[in-house]
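Asker: Here you go, this is upload_34.pdb (PDB, C-alpha atoms, pLDDT in the B column).
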ATOM      1  CA  HIS U 113      -1.170  16.184  -2.198  1.00 81.00           C
ATOM      2  CA  VAL U 114       1.518  13.481  -2.225  1.00 85.00           C
ATOM      3  CA  HIS U 115       0.952  11.425   0.913  1.00 85.00           C
ATOM      4  CA  ARG U 116       3.398   8.526   0.446  1.00 86.00           C
ATOM      5  CA  PHE U 117       6.463   8.129  -1.763  1.00 91.00           C
ATOM      6  CA  ASP U 118       9.366   5.761  -2.076  1.00 93.00           C
ATOM      7  CA  ILE U 119      12.144   4.517  -4.328  1.00 95.00           C
ATOM      8  CA  VAL U 120      11.795   0.970  -5.633  1.00 97.00           C
ATOM      9  CA  GLN U 121      14.404  -0.809  -7.688  1.00 96.00           C
ATOM     10  CA  ARG U 122      14.183  -3.518 -10.290  1.00 96.00           C
ATOM     11  CA  ASN U 123      16.987  -4.876 -12.453  1.00 95.00           C
ATOM     12  CA  GLY U 124      19.264  -1.970 -11.572  1.00 93.00           C
ATOM     13  CA  VAL U 125      16.730   0.779 -12.378  1.00 94.00           C
ATOM     14  CA  ASN U 126      15.523   3.078  -9.587  1.00 95.00           C
ATOM     15  CA  TYR U 127      11.915   4.224  -9.786  1.00 96.00           C
ATOM     16  CA  LEU U 128      10.305   7.001  -7.782  1.00 95.00           C
ATOM     17  CA  ILE U 129       6.719   6.121  -6.869  1.00 97.00           C
ATOM     18  CA  ALA U 130       4.507   8.873  -5.447  1.00 95.00           C
ATOM     19  CA  CYS U 131       0.977   8.371  -4.128  1.00 94.00           C
ATOM     20  CA  ALA U 132      -1.274  11.435  -4.088  1.00 93.00           C
ATOM     21  CA  LEU U 133      -4.037  11.306  -1.471  1.00 90.00           C
ATOM     22  CA  LYS U 134      -6.148  13.536  -3.708  1.00 90.00           C
ATOM     23  CA  SER U 135      -5.604  15.667  -6.796  1.00 91.00           C
ATOM     24  CA  GLY U 136      -6.821  18.914  -5.246  1.00 90.00           C
ATOM     25  CA  HIS U 137      -9.603  20.282  -3.075  1.00 91.00           C
ATOM     26  CA  GLU U 138     -11.728  23.328  -2.356  1.00 91.00           C
ATOM     27  CA  PHE U 139     -11.792  22.650   1.406  1.00 91.00           C
ATOM     28  CA  LYS U 140     -10.145  20.134   3.802  1.00 84.00           C
ATOM     29  CA  ASP U 141     -12.678  17.282   3.522  1.00 86.00           C
ATOM     30  CA  ASP U 142     -13.355  17.767  -0.203  1.00 90.00           C
ATOM     31  CA  TRP U 143     -12.792  14.369  -1.886  1.00 89.00           C
ATOM     32  CA  SER U 144     -14.170  15.353  -5.302  1.00 91.00           C
ATOM     33  CA  LYS U 145     -10.726  15.051  -6.952  1.00 92.00           C
ATOM     34  CA  PRO U 146      -9.449  11.479  -6.423  1.00 93.00           C
ATOM     35  CA  GLY U 147      -5.779  10.701  -5.941  1.00 93.00           C
ATOM     36  CA  LYS U 148      -3.315   9.151  -8.365  1.00 96.00           C
ATOM     37  CA  VAL U 149      -0.124   7.138  -8.373  1.00 97.00           C
ATOM     38  CA  TYR U 150       2.836   8.654 -10.223  1.00 96.00           C
ATOM     39  CA  ALA U 151       6.139   7.086 -11.218  1.00 96.00           C
ATOM     40  CA  ALA U 152       9.410   8.165 -12.796  1.00 94.00           C
ATOM     41  CA  VAL U 153      12.732   6.591 -13.630  1.00 93.00           C
ATOM     42  CA  LEU U 154      15.395   8.174 -11.458  1.00 91.00           C
ATOM     43  CA  PRO U 155      18.616   9.029 -13.281  1.00 86.00           C
ATOM     44  CA  GLU U 156      21.836   7.965 -11.607  1.00 83.00           C
ATOM     45  CA  ASP U 157      22.911  11.619 -11.332  1.00 81.00           C
ATOM     46  CA  LEU U 158      20.242  13.862  -9.781  1.00 76.00           C
ATOM     47  CA  SER U 159      22.456  16.947  -9.568  1.00 78.00           C
ATOM     48  CA  GLY U 160      20.911  18.525 -12.703  1.00 73.00           C
ATOM     49  CA  PHE U 161      17.406  18.719 -11.208  1.00 73.00           C
ATOM     50  CA  ASN U 162      16.219  22.004  -9.757  1.00 71.00           C
ATOM     51  CA  ALA U 163      13.190  24.305  -9.889  1.00 68.00           C
ATOM     52  CA  ASP U 164      13.743  24.874 -13.638  1.00 70.00           C
ATOM     53  CA  HIS U 165      14.502  21.245 -14.508  1.00 72.00           C
ATOM     54  CA  GLN U 166      12.269  18.816 -12.629  1.00 77.00           C
ATOM     55  CA  LEU U 167      11.760  15.082 -12.776  1.00 82.00           C
ATOM     56  CA  GLU U 168       8.962  14.122 -15.175  1.00 85.00           C
ATOM     57  CA  LEU U 169       6.304  12.085 -13.385  1.00 92.00           C
ATOM     58  CA  THR U 170       3.863   9.835 -15.247  1.00 94.00           C
ATOM     59  CA  VAL U 171       0.433   8.849 -13.915  1.00 96.00           C
ATOM     60  CA  ILE U 172       0.394   5.050 -13.712  1.00 97.00           C
ATOM     61  CA  LYS U 173      -3.010   4.766 -11.947  1.00 97.00           C
ATOM     62  CA  ASP U 174      -5.720   7.350 -11.429  1.00 96.00           C
ATOM     63  CA  ASP U 175      -9.204   7.557  -9.888  1.00 95.00           C
ATOM     64  CA  MET U 176      -7.934   6.434  -6.459  1.00 95.00           C
ATOM     65  CA  LEU U 177     -10.259   8.081  -3.941  1.00 92.00           C
ATOM     66  CA  LYS U 178      -8.594   8.530  -0.522  1.00 91.00           C
ATOM     67  CA  ASN U 179      -5.311   7.083  -1.799  1.00 89.00           C
ATOM     68  CA  HIS U 180      -3.797   6.702   1.659  1.00 88.00           C
ATOM     69  CA  GLY U 181      -1.955   3.418   2.202  1.00 89.00           C
ATOM     70  CA  TYR U 182       1.513   2.366   1.073  1.00 94.00           C
ATOM     71  CA  TYR U 183       3.689  -0.627   1.960  1.00 93.00           C
ATOM     72  CA  LYS U 184       6.834  -1.928   0.226  1.00 95.00           C
ATOM     73  CA  LEU U 185       7.702  -5.611   0.212  1.00 93.00           C
ATOM     74  CA  VAL U 186      10.068  -7.934  -1.601  1.00 93.00           C
ATOM     75  CA  GLU U 187       8.766 -11.071  -3.321  1.00 92.00           C
ATOM     76  CA  ASP U 188      10.811 -13.266  -5.644  1.00 92.00           C
ATOM     77  CA  ASN U 189      13.683 -10.738  -5.291  1.00 94.00           C
ATOM     78  CA  VAL U 190      11.474  -7.971  -6.726  1.00 97.00           C
ATOM     79  CA  GLU U 191      10.513  -4.848  -4.766  1.00 97.00           C
ATOM     80  CA  LYS U 192       6.731  -4.354  -4.942  1.00 97.00           C
ATOM     81  CA  CYS U 193       4.247  -1.875  -3.500  1.00 97.00           C
ATOM     82  CA  ILE U 194       0.881  -2.376  -1.811  1.00 96.00           C
ATOM     83  CA  ILE U 195      -1.260   0.730  -2.311  1.00 96.00           C
ATOM     84  CA  SER U 196      -4.661   1.172  -0.657  1.00 96.00           C
ATOM     85  CA  CYS U 197      -7.616   3.455  -1.365  1.00 94.00           C
ATOM     86  CA  ASP U 198     -11.425   3.477  -1.273  1.00 94.00           C
ATOM     87  CA  SER U 199     -11.721   1.228  -4.334  1.00 95.00           C
ATOM     88  CA  GLY U 200      -9.497  -1.480  -2.838  1.00 96.00           C
ATOM     89  CA  VAL U 201      -5.970  -2.739  -2.340  1.00 97.00           C
ATOM     90  CA  TYR U 202      -3.555  -2.936  -5.288  1.00 98.00           C
ATOM     91  CA  LEU U 203      -0.198  -4.573  -5.910  1.00 97.00           C
ATOM     92  CA  PHE U 204       2.176  -2.439  -8.020  1.00 98.00           C
ATOM     93  CA  VAL U 205       5.203  -4.100  -9.630  1.00 98.00           C
ATOM     94  CA  PRO U 206       7.844  -1.953 -11.359  1.00 98.00           C
ATOM     95  CA  PRO U 207       8.737  -2.739 -14.990  1.00 97.00           C
ATOM     96  CA  ALA U 208      11.230  -5.521 -15.670  1.00 95.00           C
ATOM     97  CA  SER U 209      12.910  -3.168 -18.175  1.00 92.00           C
ATOM     98  CA  GLU U 210      12.951   0.599 -18.452  1.00 89.00           C
ATOM     99  CA  GLY U 211      10.223   1.829 -20.812  1.00 88.00           C
ATOM    100  CA  GLU U 212       7.802  -1.006 -20.034  1.00 94.00           C
ATOM    101  CA  ASN U 213       4.570  -0.532 -18.070  1.00 96.00           C
ATOM    102  CA  TRP U 214       4.083  -1.144 -14.385  1.00 97.00           C
ATOM    103  CA  GLN U 215       2.057  -4.244 -13.515  1.00 98.00           C
ATOM    104  CA  ILE U 216      -0.961  -3.339 -11.389  1.00 98.00           C
ATOM    105  CA  GLU U 217      -3.137  -6.019  -9.822  1.00 97.00           C
ATOM    106  CA  LYS U 218      -6.220  -5.365  -7.713  1.00 97.00           C
ATOM    107  CA  LEU U 219      -6.070  -7.734  -4.742  1.00 97.00           C
ATOM    108  CA  VAL U 220      -9.428  -6.922  -3.065  1.00 97.00           C
ATOM    109  CA  ASP U 221     -12.321  -4.509  -3.568  1.00 96.00           C
ATOM    110  CA  GLU U 222     -12.514  -3.604   0.138  1.00 94.00           C
ATOM    111  CA  ALA U 223     -12.101   0.116   0.902  1.00 94.00           C
ATOM    112  CA  ALA U 224      -8.789   0.342   2.743  1.00 93.00           C
ATOM    113  CA  SER U 225      -6.845   3.049   4.497  1.00 90.00           C
ATOM    114  CA  ASP U 226      -3.674   0.942   4.682  1.00 90.00           C
ATOM    115  CA  ALA U 227      -2.626  -2.689   4.108  1.00 93.00           C
ATOM    116  CA  VAL U 228       0.289  -5.106   4.510  1.00 92.00           C
ATOM    117  CA  LEU U 229       1.183  -8.631   3.420  1.00 92.00           C
ATOM    118  CA  VAL U 230       2.588 -10.743   6.279  1.00 90.00           C
ATOM    119  CA  ASP U 231       2.634 -14.472   7.037  1.00 89.00           C
ATOM    120  CA  MET U 232       0.739 -14.342  10.329  1.00 84.00           C
ATOM    121  CA  ASP U 233      -0.085 -18.027  10.757  1.00 86.00           C
ATOM    122  CA  GLY U 234       3.322 -19.483   9.839  1.00 85.00           C
ATOM    123  CA  ASP U 235       2.154 -21.520   6.839  1.00 89.00           C
ATOM    124  CA  GLY U 236       4.594 -19.858   4.419  1.00 88.00           C
ATOM    125  CA  GLU U 237       1.858 -17.837   2.666  1.00 91.00           C
ATOM    126  CA  LYS U 238       1.333 -14.151   3.389  1.00 91.00           C
ATOM    127  CA  GLU U 239      -1.998 -12.878   4.668  1.00 92.00           C
ATOM    128  CA  LEU U 240      -3.375  -9.498   3.557  1.00 94.00           C
ATOM    129  CA  ILE U 241      -4.176  -7.343   6.595  1.00 91.00           C
ATOM    130  CA  LEU U 242      -5.963  -4.047   6.071  1.00 90.00           C
ATOM    131  CA  ILE U 243      -7.644  -1.164   7.835  1.00 87.00           C
ATOM    132  CA  SER U 244     -11.144  -0.400   6.557  1.00 87.00           C
ATOM    133  CA  PRO U 245     -12.547   2.036   5.648  1.00 83.00           C
ATOM    134  CA  PHE U 246     -10.476   5.256   5.502  1.00 81.00           C
ATOM    135  CA  HIS U 247      -9.036   5.769   9.034  1.00 78.00           C
ATOM    136  CA  GLY U 248     -11.522   3.055   9.937  1.00 77.00           C
ATOM    137  CA  GLU U 249     -12.525   0.919  12.830  1.00 80.00           C
ATOM    138  CA  HIS U 250     -12.143  -2.492  11.140  1.00 85.00           C
ATOM    139  CA  ILE U 251      -9.035  -4.612  10.692  1.00 88.00           C
ATOM    140  CA  TYR U 252      -9.591  -7.395   8.165  1.00 91.00           C
ATOM    141  CA  PHE U 253      -7.447 -10.445   7.529  1.00 91.00           C
ATOM    142  CA  TYR U 254      -7.557 -12.041   4.078  1.00 96.00           C
ATOM    143  CA  LYS U 255      -6.031 -15.365   3.101  1.00 96.00           C
ATOM    144  CA  LYS U 256      -5.444 -16.548  -0.448  1.00 94.00           C
ATOM    145  CA  VAL U 257      -7.730 -19.534  -1.062  1.00 94.00           C
ATOM    146  CA  ASP U 258      -7.865 -21.172  -4.491  1.00 94.00           C
ATOM    147  CA  GLY U 259      -6.074 -18.165  -5.995  1.00 93.00           C
ATOM    148  CA  LYS U 260      -8.475 -15.546  -4.551  1.00 95.00           C
ATOM    149  CA  TRP U 261      -8.318 -13.424  -1.421  1.00 97.00           C
ATOM    150  CA  LYS U 262     -10.940 -14.501   1.143  1.00 97.00           C
ATOM    151  CA  LYS U 263     -11.749 -12.602   4.350  1.00 96.00           C
ATOM    152  CA  VAL U 264     -10.987 -14.977   7.237  1.00 94.00           C
ATOM    153  CA  TYR U 265     -10.931 -12.756  10.326  1.00 86.00           C
ATOM    154  CA  THR U 266     -12.366  -9.414  11.417  1.00 85.00           C
ATOM    155  CA  TYR U 267     -11.431  -7.162  14.310  1.00 81.00           C
ATOM    156  CA  ASP U 268     -14.148  -4.511  14.640  1.00 76.00           C
ATOM    157  CA  THR U 269     -13.203  -2.320  17.572  1.00 67.00           C
ATOM    158  CA  ALA U 270     -10.239  -0.323  16.366  1.00 66.00           C
ATOM    159  CA  ASP U 271     -10.694   3.395  16.948  1.00 67.00           C
ATOM    160  CA  PHE U 272      -9.337   5.649  14.180  1.00 64.00           C
ATOM    161  CA  ALA U 273      -6.872   3.106  12.846  1.00 67.00           C
ATOM    162  CA  HIS U 274      -4.474   5.224  10.798  1.00 65.00           C
ATOM    163  CA  ALA U 275      -1.473   3.199   9.665  1.00 69.00           C
ATOM    164  CA  ILE U 276      -0.370  -0.420   9.640  1.00 75.00           C
ATOM    165  CA  TYR U 277       3.066  -2.029   9.465  1.00 67.00           C
ATOM    166  CA  GLY U 278       3.909  -5.706   9.115  1.00 70.00           C
ATOM    167  CA  GLY U 279       7.073  -7.703   9.397  1.00 66.00           C
ATOM    168  CA  THR U 280       8.681 -10.584  11.262  1.00 70.00           C
ATOM    169  CA  GLU U 281      10.104 -10.861  14.751  1.00 68.00           C
ATOM    170  CA  LYS U 282      11.779 -14.073  15.933  1.00 71.00           C
ATOM    171  CA  GLU U 283      10.597 -15.756  12.709  1.00 72.00           C
ATOM    172  CA  ARG U 284       6.942 -14.931  13.436  1.00 71.00           C
ATOM    173  CA  GLY U 285       4.672 -12.558  11.570  1.00 69.00           C
ATOM    174  CA  ILE U 286       3.723  -9.393  13.435  1.00 65.00           C
ATOM    175  CA  PHE U 287       1.858  -6.241  12.590  1.00 64.00           C
ATOM    176  CA  PHE U 288       1.331  -2.902  14.257  1.00 59.00           C
ATOM    177  CA  CYS U 289      -1.727  -0.792  13.708  1.00 60.00           C
ATOM    178  CA  LEU U 290      -1.426   2.799  14.843  1.00 57.00           C
ATOM    179  CA  PRO U 291      -2.672   4.076  17.158  1.00 54.00           C
ATOM    180  CA  THR U 292      -3.612   0.482  18.159  1.00 50.00           C
ATOM    181  CA  VAL U 293      -1.064  -2.321  18.587  1.00 48.00           C
ATOM    182  CA  TRP U 294      -2.720  -5.734  18.562  1.00 48.00           C
ATOM    183  CA  ILE U 295      -2.069  -9.385  17.631  1.00 52.00           C
ATOM    184  CA  PRO U 296      -5.083 -11.751  17.462  1.00 54.00           C
ATOM    185  CA  GLU U 297      -4.978 -14.566  20.027  1.00 58.00           C
ATOM    186  CA  ASN U 298      -5.150 -17.334  17.417  1.00 55.00           C
ATOM    187  CA  MET U 299      -2.203 -15.768  15.523  1.00 52.00           C
ATOM    188  CA  ARG U 300       0.194 -15.527  18.527  1.00 50.00           C
TER     189      ARG U 300
END
Could you quickly redo this structure as structure tokens?
Answerer:
Amino acid sequence: HVHRFDIVQRNGVNYLIACALKSGHEFKDDWSKPGKVYAAVLPEDLSGFNADHQLELTVIKDDMLKNHGYYKLVEDNVEKCIISCDSGVYLFVPPASEGENWQIEKLVDEAASDAVLVDMDGDGEKELILISPFHGEHIYFYKKVDGKWKKVYTYDTADFAHAIYGGTEKERGIFFCLPTVWIPENMR
């Protein structure tokens, strides 16, 4: 049940990252088998892979119930991934060298369907914006205060918020929440 996947690069090595929404089910809304995050080093030549010779994926994080959200960003010239699930929002950083472990940092404990990091207030520091809970009705804004993420704003009337995207337009932080598109008044 891979829901999101991407290729991230660090120091010339390409990594496949694959986020499984769940690890199996008996019926559609069965969440008894939490999702996982898999990774693999991609060889430069993929022509040898086929049904008999497949890429070997390694579980780098498990027990991720409703593992739904994915967002890639670049910080300090390193591609990183924000991955969201019921147990919170995580930052995944690929290894500096092939064979090393991924760095995984839990940013917040809030159940999240999707999340982004965007500088919304123009202070040079990115805010964490997330949808909560799974396909939820809340959009939360977190700001890093004294090294910890603190909830600073809540929008509570989203209806079935499914996905979020953040970026910049005309040097200002923006985000889109689907099916809702909204920018808070104090952030415009």
Asker: With only C-alpha atoms as the atoms that count, which of U:Ile195, U:Val149, U:Cys131, U:Ile243 lies nearest to Val114 (chain U)?
Answerer: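 Ranked by minimum distance to Val114 (chain U), first place goes to U:Cys131.
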Asker: On this structure, which residues satisfy the PyMOL selection byres ((chain U and resi 197-202) around 8), written as a list in words?
Answerer: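 Evaluating the PyMOL selection byres ((chain U and resi 197-202) around 8) on this file yields Met176, Leu177, Lys178, Asn179, His180, Gly181, Ile194, Ile195, Ser196, Leu203, Phe204, Ile216, Glu217, Lys218, Leu219, Val220, Asp221, Glu222, Ala223, Ala224, Ser225, Asp226, Ala227, Pro245 and Phe246 of chain U.
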Asker: Given the point (6.6, 6.5, -4.5) in the file's coordinates, find the residues that have an atom at most 6 Å from it, counting all atoms listed in the file, and give them as an mmCIF file with C-alpha atoms, in the frame of the given file.
Answerer:
data_model
loop_
_atom_site.group_PDB
_atom_site.id
_atom_site.type_symbol
_atom_site.label_atom_id
_atom_site.label_comp_id
_atom_site.auth_asym_id
_atom_site.auth_seq_id
_atom_site.Cartn_x
_atom_site.Cartn_y
_atom_site.Cartn_z
ATOM 1 C CA PHE U 117 6.463 8.129 -1.763
ATOM 2 C CA ASP U 118 9.366 5.761 -2.076
ATOM 3 C CA ILE U 119 12.144 4.517 -4.328
ATOM 4 C CA LEU U 128 10.305 7.001 -7.782
ATOM 5 C CA ILE U 129 6.719 6.121 -6.869
ATOM 6 C CA ALA U 130 4.507 8.873 -5.447
ATOM 7 C CA CYS U 131 0.977 8.371 -4.128
#
Asker: Could you tell me, as a ChimeraX atom specification, exactly which residues end up selected when the PyMOL selection byres ((chain U and resi 266) around 12) is applied to this structure?
Answerer: /U:240-244,249-254,262-265,267-270,296
Asker: Using only C-alpha atoms, which of U:Ile276, U:Glu187, U:Asp231, U:Gly160 sits nearest Lys255 (chain U)?
Answerer: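 That would be U:Asp231, the residue with the smallest distance to Lys255 (chain U).
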Asker: Kindly give the distance, in Å, that separates CA of Leu185 (chain U) and CA of Lys134 (chain U), rounded to a single decimal.
Answerer: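 Answer for the CA of Leu185 (chain U) to CA of Lys134 (chain U) separation: 24.0 Å.
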Asker: For region 228-246 of chain U, I'd like the enclosing box, axis-aligned and padded by 4 Å on every side, reported as JSON with centre and edge lengths in Å to one decimal.
Answerer:
{"center_x": -4.0, "center_y": -8.1, "center_z": 6.7, "size_x": 25.1, "size_y": 34.8, "size_z": 16.1}
Asker: Considering all atoms listed in the file, state which residue in the set U:Trp261, U:Tyr150, U:Tyr127, U:Trp214 is at the smallest distance from Leu169 (chain U).
Answerer: U:Tyr150
Asker: Of the candidates U:Val171, U:His137, U:Ala151, U:Arg284, which shows the shortest atom-to-atom distance to Pro207 (chain U), using only C-alpha atoms?
Answerer: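 Looking at the shortest contact to Pro207 (chain U), the residue is U:Ala151.
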Asker: Can you list what the PyMOL selection byres ((chain U and resi 235) around 12) grabs from this structure, as a list in words?
Answerer: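 That selection, the PyMOL selection byres ((chain U and resi 235) around 12), comes back as Val230, Asp231, Met232, Asp233, Gly234, Gly236, Glu237, Lys238, Glu239, Lys255, Lys256, Glu283, Arg284, Gly285 and Met299 of chain U.
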Asker: Rounded to one decimal in Å, what is the spacing between CA of Trp143 (chain U) and CA of Asp174 (chain U)?
Answerer: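 Value for the CA of Trp143 (chain U)-CA of Asp174 (chain U) distance: 13.8 Å.
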Asker: When you write region 126-194 of chain U out from the block above, keep C-alpha atoms and present the result as a PDB file, in the first residue's frame, please.
Answerer:
ATOM      1  CA  ASN U 126      20.138   8.554  -5.131  1.00  0.00           C
ATOM      2  CA  TYR U 127      17.768   7.026  -2.597  1.00  0.00           C
ATOM      3  CA  LEU U 128      14.275   5.729  -3.253  1.00  0.00           C
ATOM      4  CA  ILE U 129      11.969   6.478  -0.323  1.00  0.00           C
ATOM      5  CA  ALA U 130       8.562   4.782  -0.248  1.00  0.00           C
ATOM      6  CA  CYS U 131       5.840   5.469   2.315  1.00  0.00           C
ATOM      7  CA  ALA U 132       3.267   2.719   2.841  1.00  0.00           C
ATOM      8  CA  LEU U 133      -0.104   3.958   4.107  1.00  0.00           C
ATOM      9  CA  LYS U 134      -0.625   0.585   5.774  1.00  0.00           C
ATOM     10  CA  SER U 135       0.996  -2.840   5.657  1.00  0.00           C
ATOM     11  CA  GLY U 136      -2.147  -4.725   4.662  1.00  0.00           C
ATOM     12  CA  HIS U 137      -5.834  -4.951   5.489  1.00  0.00           C
ATOM     13  CA  GLU U 138      -8.813  -7.276   5.648  1.00  0.00           C
ATOM     14  CA  PHE U 139     -11.251  -4.568   4.492  1.00  0.00           C
ATOM     15  CA  LYS U 140     -10.984  -0.936   3.260  1.00  0.00           C
ATOM     16  CA  ASP U 141     -11.024   0.855   6.639  1.00  0.00           C
ATOM     17  CA  ASP U 142      -8.950  -1.777   8.467  1.00  0.00           C
ATOM     18  CA  TRP U 143      -6.017   0.064  10.111  1.00  0.00           C
ATOM     19  CA  SER U 144      -4.768  -2.887  12.176  1.00  0.00           C
ATOM     20  CA  LYS U 145      -1.523  -3.129  10.153  1.00  0.00           C
ATOM     21  CA  PRO U 146       0.307   0.226  10.410  1.00  0.00           C
ATOM     22  CA  GLY U 147       2.355   1.629   7.557  1.00  0.00           C
ATOM     23  CA  LYS U 148       6.118   1.812   7.167  1.00  0.00           C
ATOM     24  CA  VAL U 149       8.761   3.861   5.420  1.00  0.00           C
ATOM     25  CA  TYR U 150      11.118   1.975   3.104  1.00  0.00           C
ATOM     26  CA  ALA U 151      14.342   3.112   1.470  1.00  0.00           C
ATOM     27  CA  ALA U 152      16.863   1.775  -1.024  1.00  0.00           C
ATOM     28  CA  VAL U 153      19.986   3.013  -2.735  1.00  0.00           C
ATOM     29  CA  LEU U 154      19.279   3.353  -6.436  1.00  0.00           C
ATOM     30  CA  PRO U 155      22.038   2.050  -8.696  1.00  0.00           C
ATOM     31  CA  GLU U 156      23.102   4.310 -11.536  1.00  0.00           C
ATOM     32  CA  ASP U 157      21.990   1.673 -14.064  1.00  0.00           C
ATOM     33  CA  LEU U 158      18.446   0.399 -13.453  1.00  0.00           C
ATOM     34  CA  SER U 159      18.257  -1.661 -16.644  1.00  0.00           C
ATOM     35  CA  GLY U 160      18.966  -4.952 -14.806  1.00  0.00           C
ATOM     36  CA  PHE U 161      15.843  -4.720 -12.626  1.00  0.00           C
ATOM     37  CA  ASN U 162      12.771  -6.689 -13.622  1.00  0.00           C
ATOM     38  CA  ALA U 163      10.199  -9.030 -12.073  1.00  0.00           C
ATOM     39  CA  ASP U 164      12.948 -11.576 -11.274  1.00  0.00           C
ATOM     40  CA  HIS U 165      15.508  -9.054 -10.015  1.00  0.00           C
ATOM     41  CA  GLN U 166      13.920  -6.317  -7.917  1.00  0.00           C
ATOM     42  CA  LEU U 167      15.293  -3.463  -5.867  1.00  0.00           C
ATOM     43  CA  GLU U 168      15.827  -4.455  -2.229  1.00  0.00           C
ATOM     44  CA  LEU U 169      13.900  -2.142   0.086  1.00  0.00           C
ATOM     45  CA  THR U 170      14.790  -1.737   3.765  1.00  0.00           C
ATOM     46  CA  VAL U 171      12.316  -0.640   6.446  1.00  0.00           C
ATOM     47  CA  ILE U 172      13.732   2.531   8.001  1.00  0.00           C
ATOM     48  CA  LYS U 173      10.672   3.317  10.193  1.00  0.00           C
ATOM     49  CA  ASP U 174       7.698   1.167  11.104  1.00  0.00           C
ATOM     50  CA  ASP U 175       4.550   1.418  13.243  1.00  0.00           C
ATOM     51  CA  MET U 176       3.287   4.473  11.320  1.00  0.00           C
ATOM     52  CA  LEU U 177      -0.506   4.285  11.519  1.00  0.00           C
ATOM     53  CA  LYS U 178      -2.194   6.123   8.614  1.00  0.00           C
ATOM     54  CA  ASN U 179       1.171   6.996   7.057  1.00  0.00           C
ATOM     55  CA  HIS U 180      -0.284   9.505   4.611  1.00  0.00           C
ATOM     56  CA  GLY U 181       1.734  12.713   4.281  1.00  0.00           C
ATOM     57  CA  TYR U 182       4.933  13.379   2.348  1.00  0.00           C
ATOM     58  CA  TYR U 183       6.772  16.596   1.486  1.00  0.00           C
ATOM     59  CA  LYS U 184      10.323  17.070   0.163  1.00  0.00           C
ATOM     60  CA  LEU U 185      12.356  20.145   1.015  1.00  0.00           C
ATOM     61  CA  VAL U 186      15.951  21.290   0.789  1.00  0.00           C
ATOM     62  CA  GLU U 187      17.750  22.647   3.858  1.00  0.00           C
ATOM     63  CA  ASP U 188      21.474  23.350   4.041  1.00  0.00           C
ATOM     64  CA  ASN U 189      21.788  21.908   0.493  1.00  0.00           C
ATOM     65  CA  VAL U 190      20.415  18.553   1.695  1.00  0.00           C
ATOM     66  CA  GLU U 191      17.174  17.039   0.381  1.00  0.00           C
ATOM     67  CA  LYS U 192      14.963  16.026   3.324  1.00  0.00           C
ATOM     68  CA  CYS U 193      11.502  14.525   3.728  1.00  0.00           C
ATOM     69  CA  ILE U 194       8.608  15.447   6.011  1.00  0.00           C
TER      70      ILE U 194
END
